[in-house]
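> As input, take structure_39.cif (mmCIF, C-alpha atoms):
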data_input
#
loop_
_atom_site.group_PDB
_atom_site.id
_atom_site.type_symbol
_atom_site.label_atom_id
_atom_site.label_comp_id
_atom_site.auth_asym_id
_atom_site.auth_seq_id
_atom_site.Cartn_x
_atom_site.Cartn_y
_atom_site.Cartn_z
ATOM 1 C CA MET H 1 2.559 -20.635 -10.526
ATOM 2 C CA LEU H 2 1.786 -17.630 -8.327
ATOM 3 C CA PHE H 3 2.431 -13.999 -9.236
ATOM 4 C CA ALA H 4 1.865 -10.855 -7.176
ATOM 5 C CA TYR H 5 0.485 -7.599 -8.578
ATOM 6 C CA ASP H 6 -0.185 -4.183 -7.063
ATOM 7 C CA ALA H 7 -3.598 -2.473 -7.168
ATOM 8 C CA ALA H 8 -2.812 -1.052 -10.625
ATOM 9 C CA LEU H 9 -2.163 -4.652 -11.770
ATOM 10 C CA ARG H 10 1.596 -4.141 -12.218
ATOM 11 C CA SER H 11 4.029 -6.772 -11.013
ATOM 12 C CA ALA H 12 7.526 -6.181 -9.677
ATOM 13 C CA ASN H 13 8.420 -9.601 -11.077
ATOM 14 C CA PRO H 14 9.611 -9.250 -14.695
ATOM 15 C CA ALA H 15 8.591 -12.875 -15.335
ATOM 16 C CA ALA H 16 4.967 -12.198 -14.346
ATOM 17 C CA PRO H 17 2.571 -12.509 -17.264
ATOM 18 C CA ALA H 18 0.499 -9.616 -18.526
ATOM 19 C CA LEU H 19 -3.071 -9.941 -17.315
ATOM 20 C CA GLY H 20 -5.684 -10.492 -19.984
ATOM 21 C CA GLU H 21 -8.530 -8.048 -20.433
ATOM 22 C CA PRO H 22 -11.175 -10.565 -19.258
ATOM 23 C CA LEU H 23 -9.370 -11.018 -15.911
ATOM 24 C CA VAL H 24 -8.831 -7.281 -15.508
ATOM 25 C CA ALA H 25 -12.505 -6.599 -16.185
ATOM 26 C CA ALA H 26 -13.662 -9.410 -13.895
ATOM 27 C CA ILE H 27 -11.488 -8.422 -10.912
ATOM 28 C CA ALA H 28 -12.759 -4.841 -11.112
ATOM 29 C CA THR H 29 -16.159 -6.008 -9.840
ATOM 30 C CA SER H 30 -15.330 -9.217 -7.990
ATOM 31 C CA GLU H 31 -13.036 -10.575 -5.281
ATOM 32 C CA VAL H 32 -11.996 -13.592 -7.402
ATOM 33 C CA ALA H 33 -11.748 -13.819 -11.177
ATOM 34 C CA THR H 34 -11.097 -16.990 -13.180
ATOM 35 C CA TRP H 35 -10.373 -17.397 -16.846
ATOM 36 C CA PRO H 36 -8.987 -20.099 -19.146
ATOM 37 C CA ARG H 37 -5.344 -19.362 -19.995
ATOM 38 C CA SER H 38 -5.871 -20.228 -23.642
ATOM 39 C CA TRP H 39 -9.147 -20.475 -25.531
ATOM 40 C CA VAL H 40 -7.491 -22.567 -28.234
ATOM 41 C CA ARG H 41 -6.057 -25.135 -25.855
ATOM 42 C CA SER H 42 -8.537 -24.819 -22.998
ATOM 43 C CA TRP H 43 -10.524 -27.871 -24.067
ATOM 44 C CA VAL H 44 -7.310 -29.947 -24.285
ATOM 45 C CA SER H 45 -5.171 -28.807 -21.355
ATOM 46 C CA ALA H 46 -7.740 -27.094 -19.103
ATOM 47 C CA GLU H 47 -5.243 -24.400 -18.138
ATOM 48 C CA VAL H 48 -6.775 -21.760 -15.908
ATOM 49 C CA GLU H 49 -5.841 -18.418 -14.332
ATOM 50 C CA VAL H 50 -7.288 -17.285 -11.024
ATOM 51 C CA LEU H 51 -6.861 -13.657 -9.958
ATOM 52 C CA VAL H 52 -7.652 -12.924 -6.296
ATOM 53 C CA ARG H 53 -8.154 -9.467 -4.777
ATOM 54 C CA MET H 54 -6.493 -9.220 -1.367
ATOM 55 C CA PRO H 55 -8.300 -7.309 1.437
ATOM 56 C CA TRP H 56 -5.659 -4.579 1.416
ATOM 57 C CA ASP H 57 -5.564 -2.349 -1.626
ATOM 58 C CA SER H 58 -1.971 -1.192 -1.476
ATOM 59 C CA GLY H 59 1.454 -2.686 -1.729
ATOM 60 C CA PRO H 60 3.049 -5.079 -4.202
ATOM 61 C CA CYS H 61 0.718 -7.953 -3.280
ATOM 62 C CA ALA H 62 -2.730 -6.374 -3.631
ATOM 63 C CA ARG H 63 -3.696 -8.983 -6.244
ATOM 64 C CA VAL H 64 -2.428 -12.563 -6.620
ATOM 65 C CA LEU H 65 -2.547 -14.522 -9.877
ATOM 66 C CA ALA H 66 -2.467 -18.326 -9.778
ATOM 67 C CA GLN H 67 -1.865 -20.210 -13.017
ATOM 68 C CA GLY H 68 -2.437 -23.914 -13.243
ATOM 69 C CA SER H 69 -4.124 -26.813 -14.901
ATOM 70 C CA THR H 70 -7.140 -28.889 -14.015
ATOM 71 C CA VAL H 71 -5.813 -31.918 -15.908
ATOM 72 C CA PRO H 72 -4.124 -34.519 -13.704
ATOM 73 C CA GLY H 73 -0.533 -35.078 -14.694
ATOM 74 C CA TRP H 74 2.575 -36.551 -13.145
ATOM 75 C CA LEU H 75 2.064 -34.512 -9.967
ATOM 76 C CA GLY H 76 -1.692 -34.236 -10.349
ATOM 77 C CA ALA H 77 -3.711 -31.194 -11.205
ATOM 78 C CA VAL H 78 -2.965 -27.873 -9.612
ATOM 79 C CA LEU H 79 -6.655 -27.044 -9.583
ATOM 80 C CA PRO H 80 -9.411 -29.674 -9.648
ATOM 81 C CA PRO H 81 -11.896 -29.515 -12.535
ATOM 82 C CA THR H 82 -14.761 -28.420 -10.268
ATOM 83 C CA ARG H 83 -14.940 -25.131 -8.405
ATOM 84 C CA ILE H 84 -14.517 -26.965 -5.110
ATOM 85 C CA TRP H 85 -10.889 -25.727 -5.109
ATOM 86 C CA LEU H 86 -12.180 -22.250 -4.341
ATOM 87 C CA ALA H 87 -13.223 -23.183 -0.777
ATOM 88 C CA PRO H 88 -9.726 -24.292 0.372
ATOM 89 C CA LEU H 89 -8.180 -21.305 -1.383
ATOM 90 C CA VAL H 90 -10.529 -18.896 0.390
ATOM 91 C CA ALA H 91 -9.904 -20.727 3.679
ATOM 92 C CA LEU H 92 -6.151 -20.399 3.149
ATOM 93 C CA PHE H 93 -6.389 -16.669 2.458
ATOM 94 C CA ALA H 94 -8.709 -16.223 5.450
ATOM 95 C CA ALA H 95 -6.207 -18.029 7.684
ATOM 96 C CA VAL H 96 -3.396 -15.801 6.390
ATOM 97 C CA LEU H 97 -5.496 -12.699 7.018
ATOM 98 C CA LEU H 98 -6.427 -13.839 10.521
ATOM 99 C CA ALA H 99 -2.779 -14.528 11.289
ATOM 100 C CA MET H 100 -1.662 -11.179 9.886
ATOM 101 C CA GLY H 101 -4.390 -9.104 11.541
ATOM 102 C CA PRO H 102 -2.687 -8.709 14.938
ATOM 103 C CA ILE H 103 0.672 -7.989 13.310
ATOM 104 C CA VAL H 104 -0.770 -5.336 11.020
ATOM 105 C CA GLY H 105 -2.586 -3.827 14.015
ATOM 106 C CA ARG H 106 0.649 -3.647 16.008
ATOM 107 C CA ILE H 107 2.462 -2.035 13.078
ATOM 108 C CA ARG H 108 -0.326 0.530 12.682
ATOM 109 C CA ARG H 109 -0.212 1.341 16.422
ATOM 110 C CA LEU H 110 3.574 1.687 16.218
ATOM 111 C CA THR H 111 3.251 3.964 13.180
ATOM 112 C CA GLU H 112 0.779 6.188 15.013
ATOM 113 C CA ALA H 113 2.983 6.301 18.134
ATOM 114 C CA VAL H 114 6.013 7.321 16.051
ATOM 115 C CA ARG H 115 3.952 10.016 14.300
ATOM 116 C CA ARG H 116 2.712 11.356 17.658
ATOM 117 C CA SER H 117 6.246 11.378 19.032
ATOM 118 C CA ALA H 118 7.582 13.156 15.933
ATOM 119 C CA SER H 119 4.827 15.790 16.022
ATOM 120 C CA ALA H 120 5.626 16.459 19.694
ATOM 121 C CA GLY H 121 9.303 17.026 18.931
ATOM 122 C CA TYR H 122 10.184 13.489 20.059
ATOM 123 C CA ALA H 123 9.352 14.465 23.642
ATOM 124 C CA SER H 124 7.216 11.362 24.161
ATOM 125 C CA ALA H 125 8.562 7.836 24.126
ATOM 126 C CA VAL H 126 7.455 5.162 21.658
ATOM 127 C CA PRO H 127 5.823 2.251 23.519
ATOM 128 C CA ILE H 128 7.659 -1.043 23.117
ATOM 129 C CA ASP H 129 5.730 -4.290 23.225
ATOM 130 C CA GLY H 130 6.957 -7.729 22.268
ATOM 131 C CA GLU H 131 10.258 -9.384 21.580
ATOM 132 C CA ASP H 132 9.649 -10.046 17.888
ATOM 133 C CA GLU H 133 10.573 -7.983 14.823
ATOM 134 C CA VAL H 134 7.855 -5.395 15.516
ATOM 135 C CA GLY H 135 9.227 -4.984 19.051
ATOM 136 C CA GLN H 136 12.744 -4.594 17.643
ATOM 137 C CA LEU H 137 11.439 -1.928 15.265
ATOM 138 C CA ALA H 138 9.788 -0.121 18.181
ATOM 139 C CA ARG H 139 13.095 -0.261 20.111
ATOM 140 C CA ALA H 140 14.916 1.173 17.083
ATOM 141 C CA PHE H 141 12.397 4.042 16.850
ATOM 142 C CA GLU H 142 12.725 4.684 20.579
ATOM 143 C CA ALA H 143 16.541 4.724 20.308
ATOM 144 C CA ALA H 144 16.281 7.183 17.416
ATOM 145 C CA GLY H 145 13.882 9.319 19.480
ATOM 146 C CA ARG H 146 16.292 9.314 22.447
ATOM 147 C CA GLU H 147 19.104 10.435 20.140
ATOM 148 C CA VAL H 148 16.945 13.227 18.688
ATOM 149 C CA ARG H 149 15.925 14.312 22.221
ATOM 150 C CA ALA H 150 19.593 14.345 23.277
ATOM 151 C CA GLN H 151 20.576 16.409 20.249
ATOM 152 C CA LEU H 152 17.717 18.849 20.846
ATOM 153 C CA ALA H 153 18.732 19.196 24.516
ATOM 154 C CA ALA H 154 22.356 19.843 23.489
ATOM 155 C CA LYS H 155 21.177 22.466 20.989
ATOM 156 C CA ASP H 156 19.072 24.144 23.695
ATOM 157 C CA ARG H 157 22.083 24.193 26.055
ATOM 158 C CA ARG H 158 24.286 25.747 23.340
ATOM 159 C CA GLU H 159 21.667 28.397 22.601
ATOM 160 C CA ALA H 160 21.315 29.214 26.317
ATOM 161 C CA ALA H 161 25.101 29.529 26.639
ATOM 162 C CA LEU H 162 25.212 31.845 23.624
ATOM 163 C CA ARG H 163 22.424 33.989 25.073
ATOM 164 C CA GLU H 164 24.360 34.312 28.340
ATOM 165 C CA PHE H 165 27.598 35.101 26.546
ATOM 166 C CA TRP H 166 26.123 37.649 24.137
ATOM 167 C CA PRO H 167 24.122 40.177 26.119
ATOM 168 C CA THR H 168 21.146 41.795 24.479
ATOM 169 C CA PRO H 169 22.219 45.026 22.739
ATOM 170 C CA ARG H 170 20.962 48.172 24.400
ATOM 171 C CA THR H 171 19.112 50.739 22.427
ATOM 172 C CA THR H 172 20.009 54.337 23.077
#
Could you show the structure in this file as structure tokens?

Amino acid sequence: MLFAYDAALRSANPAAPALGEPLVAAIATSEVATWPRSWVRSWVSAEVEVLVRMPWDSGPCARVLAQGSTVPGWLGAVLPPTRIWLAPLVALFAAVLLAMGPIVGRIRRLTEAVRRSASAGYASAVPIDGEDEVGQLARAFEAAGREVRAQLAAKDRREAALREFWPTPRTT
């Protein structure tokens, strides 16, 4: 079983278990923390919890808890009895991070471009790259920017017309 937690170790999933104090203490100083799920039954069922710190420290998935057993059963053990399982798990997380790196970079660049455009009164366009979801988001921001620019231009035209219609009062 996998459960996601934020950096404060709260889960949005109501079915997520409360984290034990040993795991909380261990993850505070380590990237990976393991602990038997039950001291009473640990010698019988070999149930284990593994809490992994993700490289990002924000969002609902800053920590991931895996619960499983090292005892082979009908489907086999979730985690083997030796710590050799840690290498494939780390490799899996590294592969996910490598795959997500370019996407996160594109989202950060898009965020910065939208912030620059907003601070300049939406005078500058948001660059659009790609045909995927990030590209669609960039197109949506650019469409919103065009609409804001059009509304600002219309407001400027109305103000200019009002200034022409209402002459400046003369002081006597």
> Applying the PyMOL selection byres ((chain H and resi 111-115) around 12) to the file I just gave you, which residues come out? Please list them as a CSV table (one decimal) with C-alpha atoms, in the coordinates of the input.

chain,number,residue,atom,x,y,z
H,104,VAL,CA,-0.8,-5.3,11.0
H,105,GLY,CA,-2.6,-3.8,14.0
H,106,ARG,CA,0.6,-3.6,16.0
H,107,ILE,CA,2.5,-2.0,13.1
H,108,ARG,CA,-0.3,0.5,12.7
H,109,ARG,CA,-0.2,1.3,16.4
H,110,LEU,CA,3.6,1.7,16.2
H,116,ARG,CA,2.7,11.4,17.7
H,117,SER,CA,6.2,11.4,19.0
H,118,ALA,CA,7.6,13.2,15.9
H,119,SER,CA,4.8,15.8,16.0
H,120,ALA,CA,5.6,16.5,19.7
H,121,GLY,CA,9.3,17.0,18.9
H,122,TYR,CA,10.2,13.5,20.1
H,123,ALA,CA,9.4,14.5,23.6
H,124,SER,CA,7.2,11.4,24.2
H,125,ALA,CA,8.6,7.8,24.1
H,126,VAL,CA,7.5,5.2,21.7
H,127,PRO,CA,5.8,2.3,23.5
H,128,ILE,CA,7.7,-1.0,23.1
H,134,VAL,CA,7.9,-5.4,15.5
H,137,LEU,CA,11.4,-1.9,15.3
H,138,ALA,CA,9.8,-0.1,18.2
H,139,ARG,CA,13.1,-0.3,20.1
H,140,ALA,CA,14.9,1.2,17.1
H,141,PHE,CA,12.4,4.0,16.8
H,142,GLU,CA,12.7,4.7,20.6
H,143,ALA,CA,16.5,4.7,20.3
H,144,ALA,CA,16.3,7.2,17.4
H,145,GLY,CA,13.9,9.3,19.5
> Just the number, please: distance in Å from CA of Cys61 in chain H to CA of Gly20 in chain H, one decimal.
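Answer for the CA of Cys61 in chain H to CA of Gly20 in chain H separation: 18.1 Å.
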> Determine the residue set returned by the PyMOL selection byres ((chain H and resi 58) around 12) for the present structure, and present it as a list of chain:residue names.
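This file, filtered by the PyMOL selection byres ((chain H and resi 58) around 12), leaves H:Ala4, H:Tyr5, H:Asp6, H:Ala7, H:Ala8, H:Leu9, H:Arg10, H:Arg53, H:Met54, H:Pro55, H:Trp56, H:Asp57, H:Gly59, H:Pro60, H:Cys61, H:Ala62, H:Arg63.
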> In Å, with one decimal, what is the gap from CA of Ala15 in chain H to CA of Val52 in chain H?
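Calculated distance between CA of Ala15 in chain H and CA of Val52 in chain H is 18.6 Å.
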> How far is it from CA of Ala91 in chain H to CA of Ala33 in chain H, in Å with one decimal?
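Interatomic distance here is 16.5 Å.
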> Could you name the residues that touch Trp35 in chain H at 10 Å or less, counting all atoms listed in the file, but leaving out those on the same chain fewer than 6 positions away, as a PyMOL selection string?
chain H and resi 20+22-23+26+42+47-51+67
> Save the residues we just selected, C-alpha atoms, as a PDB file, in the frame of the given file?

ATOM      1  CA  GLY H  20      -5.684 -10.492 -19.984  1.00  0.00           C
ATOM      2  CA  PRO H  22     -11.175 -10.565 -19.258  1.00  0.00           C
ATOM      3  CA  LEU H  23      -9.370 -11.018 -15.911  1.00  0.00           C
ATOM      4  CA  ALA H  26     -13.662  -9.410 -13.895  1.00  0.00           C
ATOM      5  CA  SER H  42      -8.537 -24.819 -22.998  1.00  0.00           C
ATOM      6  CA  GLU H  47      -5.243 -24.400 -18.138  1.00  0.00           C
ATOM      7  CA  VAL H  48      -6.775 -21.760 -15.908  1.00  0.00           C
ATOM      8  CA  GLU H  49      -5.841 -18.418 -14.332  1.00  0.00           C
ATOM      9  CA  VAL H  50      -7.288 -17.285 -11.024  1.00  0.00           C
ATOM     10  CA  LEU H  51      -6.861 -13.657  -9.958  1.00  0.00           C
ATOM     11  CA  GLN H  67      -1.865 -20.210 -13.017  1.00  0.00           C
TER      12      GLN H  67
END
> Taking all atoms of range 142-145 of chain H that the file lists, what box with edges along x, y and z, padded by 5 Å per side, do you get, with centre and edge lengths in Å to one decimal, as lines of an AutoDock Vina configuration file?

center_x = 14.6
center_y = 7.0
center_z = 19.0
size_x = 13.8
size_y = 14.6
size_z = 13.2
> Nearest to Ala66 in chain H among H:Gly101, H:Pro36, H:Pro14, H:Gly130, with distances taken over all atoms listed in the file: which residue is it?
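That would be H:Pro36, the residue with the smallest distance to Ala66 in chain H.
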> Which residue is closest to Phe93 in chain H? Choose from H:Ala153, H:Val64, H:Ala25, H:Met1 and count all atoms listed in the file.
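For Phe93 in chain H, the nearest of the candidates is H:Val64.
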